[in-house]
Every structure is written in C-alpha cells, then in structure tokens.
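Before any comments, here is the structure.
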Amino acid sequence: MNRQQQAEALELMADGIRHCGKCRLCESRTHAVPGEGAADAAILVVGEGPGAREDRTGRPFVGRSGRFLDSLLAEIGLDRGSLFITSAVKCRPPGNRTPRADELRICREAWLVPQMSCIDPELVILLGLTAIRSVLDEAPSLGRVHGDIVERDGRRFLLTYHPAAGLRADDVAERLRADLAVLARV
Ligand code: SF4
C-alpha cells in the first residue's frame with residue numbers, strides 16, 4: 001500500500017469507528033475517537049481510551065495528558081503530526097472507568113489490529129497497562145518492564161507509563177521521559 005492508499009483505508013476505518021456499535025461503550029460516548037496522525041507513521045502510539053475532552057472533540061490526547069505527551073515528544077524532537085496516535089478503546093468508558101476485558105478485545109480485533117496492520121509502524125508505543133494488556137494480552141508489573149522494547153509477531157513494542165500517571169507522580173514522569181528518550185535512538 002502506498003501512503004495515499006493507507007490514508008484512504010484509515011479514513012474508511014475512522015468512519016466505521018465513528019458509527020461503531022460493537023460494544024457497550026457506544027451507548028455512553030458523545031464522539032468515538034478513531035485516532036489521528038500520519039498514515040505511514042514509523043511510530044504508532046496507543047493509549048487507554050478517550051477522556052472527557054477527547055469524547056467532546058472526537059480527537060485523541062487533547063487534554064492535560066495529551067499536552068504532557070506533546071511536551072515529552074518535543075523534548076526529543078518529535079511532533080505528534082509525524083506519529084499516529086490512537087487508543088485501545090475508541091469510546092470513552094462511563095466515568096472514565098478502566099475498559100473491561102471484553103471491550104478491549106472487541107475494539108482491538110475490530111479496529112486497533114487493522115489500524116496497526118495498515119500503518120505498519122516500525123515501533124508501537126504502549127502507554128500504560130491497559131494498552132499493554134490489550135495489545136500483548138499480558139499484565140506485567142510496569143515498574144519492572146517500563147522502558148523495555150519487546151517483539152511480538154515481527155513487530156516491536158515499547159512499554160511505558162500512561163502520561164496521566166506521570167501527571168500524578170513526578171518519579172513516574174521522569175521514568176516516562178527516560179523511556180521515551182529511547183525513541184531518539186530507535
Ligand atoms: S469502544 Fe471500540 S468496539 Fe466499542 S463501540 Fe467504541 S469503537 Fe466500537
């Protein structure tokens with residue numbers, strides 16, 4: 001697929017996501033949030049799910065966590081336009097609860113895996129345990145594995161914290177910063 005074909009395929013998926021009713025999260029969302037960025041991005045970023053602001057706007061990582069992520073990326077010379085940013089579930093769970101196992105599974109198979117295949121990034125950054133659980137089907141201790149790059153089925157994944165956790169604790173913010181700094185060398 002060339003870049004134009006990738007962009008068209010992603011836009012078709014985005015349209016499907018905006019109208020998706022495959023799991024119960026469609027009942028409480030305002031807007032589904034398909035994700036955005038470069039169709040042929042070398043780096044795909046996967047978060048947990050939309051928050052209140054994302055739900056209102058239909059855009060990923062536009063709240064405080066997003067601004068923090070942008071600042072960390074800027075420190076290593078990356079801007080979000082050169083990446084593709086999405087999340088494990090595309091619709092906001094009520095009250096910002098953690099997505100349930102069946103919601104993660106359904107959204108992964110319906111949308112996240114096809115997005116990943118279409119973009120075919122060199123590296124996938126998994127932000128937080130929910131993204132790790134969804135994509136790798138594992139729930140490791142983040143304190144132990146953060147900063148690791150693991151390979152599954154020929155694809156590489158960087159495991160790290162969610163920016164929201166970094167906003168809550170300075171030591172986590174420093175670990176997240178150090179983990180992302182690896183990107184400058186990848
Ligand atoms: S979370 Fe995913 S699977 Fe569930 S309704 Fe939204 S887009 Fe569909």
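We label chains A, B, ... in the order they appear in the structure tokens, count residues from 1 in each chain, and number ligands from 1 in the order shown.
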Which residues of chain A come within 12 Å of ligand 1, and for each one, what is the closest pair of atoms and their distance in Å to one decimal, counting only C-alpha atoms and all ligand atoms, sorted by chain and residue number, as JSON lines?
```
{"residue": "A:Met13", "atom": "CA", "partner": "ligand 1", "partner_atom_place_in_ligand_line": "7 (S)", "distance": 9.9}
{"residue": "A:Ala14", "atom": "CA", "partner": "ligand 1", "partner_atom_place_in_ligand_line": "7 (S)", "distance": 9.1}
{"residue": "A:Asp15", "atom": "CA", "partner": "ligand 1", "partner_atom_place_in_ligand_line": "7 (S)", "distance": 10.1}
{"residue": "A:Gly16", "atom": "CA", "partner": "ligand 1", "partner_atom_place_in_ligand_line": "7 (S)", "distance": 8.0}
{"residue": "A:Ile17", "atom": "CA", "partner": "ligand 1", "partner_atom_place_in_ligand_line": "7 (S)", "distance": 4.7}
{"residue": "A:Arg18", "atom": "CA", "partner": "ligand 1", "partner_atom_place_in_ligand_line": "7 (S)", "distance": 6.9}
{"residue": "A:His19", "atom": "CA", "partner": "ligand 1", "partner_atom_place_in_ligand_line": "7 (S)", "distance": 7.7}
{"residue": "A:Cys20", "atom": "CA", "partner": "ligand 1", "partner_atom_place_in_ligand_line": "8 (Fe)", "distance": 4.3}
{"residue": "A:Gly21", "atom": "CA", "partner": "ligand 1", "partner_atom_place_in_ligand_line": "5 (S)", "distance": 4.5}
{"residue": "A:Lys22", "atom": "CA", "partner": "ligand 1", "partner_atom_place_in_ligand_line": "8 (Fe)", "distance": 4.6}
{"residue": "A:Cys23", "atom": "CA", "partner": "ligand 1", "partner_atom_place_in_ligand_line": "4 (Fe)", "distance": 4.0}
{"residue": "A:Arg24", "atom": "CA", "partner": "ligand 1", "partner_atom_place_in_ligand_line": "5 (S)", "distance": 6.2}
{"residue": "A:Leu25", "atom": "CA", "partner": "ligand 1", "partner_atom_place_in_ligand_line": "5 (S)", "distance": 5.0}
{"residue": "A:Cys26", "atom": "CA", "partner": "ligand 1", "partner_atom_place_in_ligand_line": "5 (S)", "distance": 4.1}
{"residue": "A:Glu27", "atom": "CA", "partner": "ligand 1", "partner_atom_place_in_ligand_line": "5 (S)", "distance": 7.7}
{"residue": "A:Ser28", "atom": "CA", "partner": "ligand 1", "partner_atom_place_in_ligand_line": "5 (S)", "distance": 9.3}
{"residue": "A:Arg29", "atom": "CA", "partner": "ligand 1", "partner_atom_place_in_ligand_line": "6 (Fe)", "distance": 7.9}
{"residue": "A:Thr30", "atom": "CA", "partner": "ligand 1", "partner_atom_place_in_ligand_line": "6 (Fe)", "distance": 10.6}
{"residue": "A:His31", "atom": "CA", "partner": "ligand 1", "partner_atom_place_in_ligand_line": "6 (Fe)", "distance": 9.1}
{"residue": "A:Ala32", "atom": "CA", "partner": "ligand 1", "partner_atom_place_in_ligand_line": "6 (Fe)", "distance": 6.1}
{"residue": "A:Val33", "atom": "CA", "partner": "ligand 1", "partner_atom_place_in_ligand_line": "7 (S)", "distance": 7.8}
{"residue": "A:Pro34", "atom": "CA", "partner": "ligand 1", "partner_atom_place_in_ligand_line": "7 (S)", "distance": 7.5}
{"residue": "A:Gly35", "atom": "CA", "partner": "ligand 1", "partner_atom_place_in_ligand_line": "7 (S)", "distance": 10.9}
{"residue": "A:Glu48", "atom": "CA", "partner": "ligand 1", "partner_atom_place_in_ligand_line": "1 (S)", "distance": 10.7}
{"residue": "A:Gly49", "atom": "CA", "partner": "ligand 1", "partner_atom_place_in_ligand_line": "1 (S)", "distance": 8.2}
{"residue": "A:Pro50", "atom": "CA", "partner": "ligand 1", "partner_atom_place_in_ligand_line": "1 (S)", "distance": 9.4}
{"residue": "A:Asp55", "atom": "CA", "partner": "ligand 1", "partner_atom_place_in_ligand_line": "6 (Fe)", "distance": 11.0}
{"residue": "A:Gly58", "atom": "CA", "partner": "ligand 1", "partner_atom_place_in_ligand_line": "7 (S)", "distance": 11.7}
{"residue": "A:Thr86", "atom": "CA", "partner": "ligand 1", "partner_atom_place_in_ligand_line": "2 (Fe)", "distance": 11.3}
{"residue": "A:Ser87", "atom": "CA", "partner": "ligand 1", "partner_atom_place_in_ligand_line": "2 (Fe)", "distance": 9.4}
{"residue": "A:Ala88", "atom": "CA", "partner": "ligand 1", "partner_atom_place_in_ligand_line": "2 (Fe)", "distance": 8.0}
{"residue": "A:Val89", "atom": "CA", "partner": "ligand 1", "partner_atom_place_in_ligand_line": "1 (S)", "distance": 4.4}
{"residue": "A:Lys90", "atom": "CA", "partner": "ligand 1", "partner_atom_place_in_ligand_line": "1 (S)", "distance": 4.6}
{"residue": "A:Cys91", "atom": "CA", "partner": "ligand 1", "partner_atom_place_in_ligand_line": "6 (Fe)", "distance": 4.3}
{"residue": "A:Arg92", "atom": "CA", "partner": "ligand 1", "partner_atom_place_in_ligand_line": "1 (S)", "distance": 7.3}
{"residue": "A:Pro93", "atom": "CA", "partner": "ligand 1", "partner_atom_place_in_ligand_line": "1 (S)", "distance": 8.0}
{"residue": "A:Pro94", "atom": "CA", "partner": "ligand 1", "partner_atom_place_in_ligand_line": "1 (S)", "distance": 11.3}
{"residue": "A:Thr98", "atom": "CA", "partner": "ligand 1", "partner_atom_place_in_ligand_line": "1 (S)", "distance": 11.8}
{"residue": "A:Pro99", "atom": "CA", "partner": "ligand 1", "partner_atom_place_in_ligand_line": "1 (S)", "distance": 8.5}
{"residue": "A:Arg100", "atom": "CA", "partner": "ligand 1", "partner_atom_place_in_ligand_line": "1 (S)", "distance": 10.1}
{"residue": "A:Ala101", "atom": "CA", "partner": "ligand 1", "partner_atom_place_in_ligand_line": "1 (S)", "distance": 11.3}
{"residue": "A:Asp102", "atom": "CA", "partner": "ligand 1", "partner_atom_place_in_ligand_line": "4 (Fe)", "distance": 9.3}
{"residue": "A:Glu103", "atom": "CA", "partner": "ligand 1", "partner_atom_place_in_ligand_line": "4 (Fe)", "distance": 5.9}
{"residue": "A:Leu104", "atom": "CA", "partner": "ligand 1", "partner_atom_place_in_ligand_line": "1 (S)", "distance": 7.5}
{"residue": "A:Arg105", "atom": "CA", "partner": "ligand 1", "partner_atom_place_in_ligand_line": "3 (S)", "distance": 8.3}
{"residue": "A:Ile106", "atom": "CA", "partner": "ligand 1", "partner_atom_place_in_ligand_line": "3 (S)", "distance": 5.2}
{"residue": "A:Cys107", "atom": "CA", "partner": "ligand 1", "partner_atom_place_in_ligand_line": "3 (S)", "distance": 3.8}
{"residue": "A:Arg108", "atom": "CA", "partner": "ligand 1", "partner_atom_place_in_ligand_line": "2 (Fe)", "distance": 7.5}
{"residue": "A:Glu109", "atom": "CA", "partner": "ligand 1", "partner_atom_place_in_ligand_line": "3 (S)", "distance": 8.4}
{"residue": "A:Ala110", "atom": "CA", "partner": "ligand 1", "partner_atom_place_in_ligand_line": "3 (S)", "distance": 6.5}
{"residue": "A:Trp111", "atom": "CA", "partner": "ligand 1", "partner_atom_place_in_ligand_line": "2 (Fe)", "distance": 6.9}
{"residue": "A:Leu112", "atom": "CA", "partner": "ligand 1", "partner_atom_place_in_ligand_line": "2 (Fe)", "distance": 8.6}
{"residue": "A:Val113", "atom": "CA", "partner": "ligand 1", "partner_atom_place_in_ligand_line": "2 (Fe)", "distance": 11.6}
```
Quiz prompt | Non-local contacts of Gly128 in chain A (7 Å; only C-alpha atoms; under 4 positions in same chain excluded) as a PyMOL selection string | solution = chain A and resi 47+132+160-162
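In this structure, CA of Gly77 in chain A sits 21.8 Å away from CA of Asp120 in chain A.
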Quiz prompt | Residue set, range 3-103 of chain A restricted to strand (DSSP E or B), as an MDAnalysis selection string | solution = chainID A and resid 36:37 43:47 84:87
Quiz item: Which residues come within 6 Å of range 141-149 of chain A, counting only C-alpha atoms, excluding same-chain residues fewer than 5 positions away, as number ranges by chain?
Solution: A: 157-160, 179
Quiz item: Hey, can you check how far CA of Ala9 in chain A sits from CA of Leu83 in chain A?
Solution: 16.7 Å
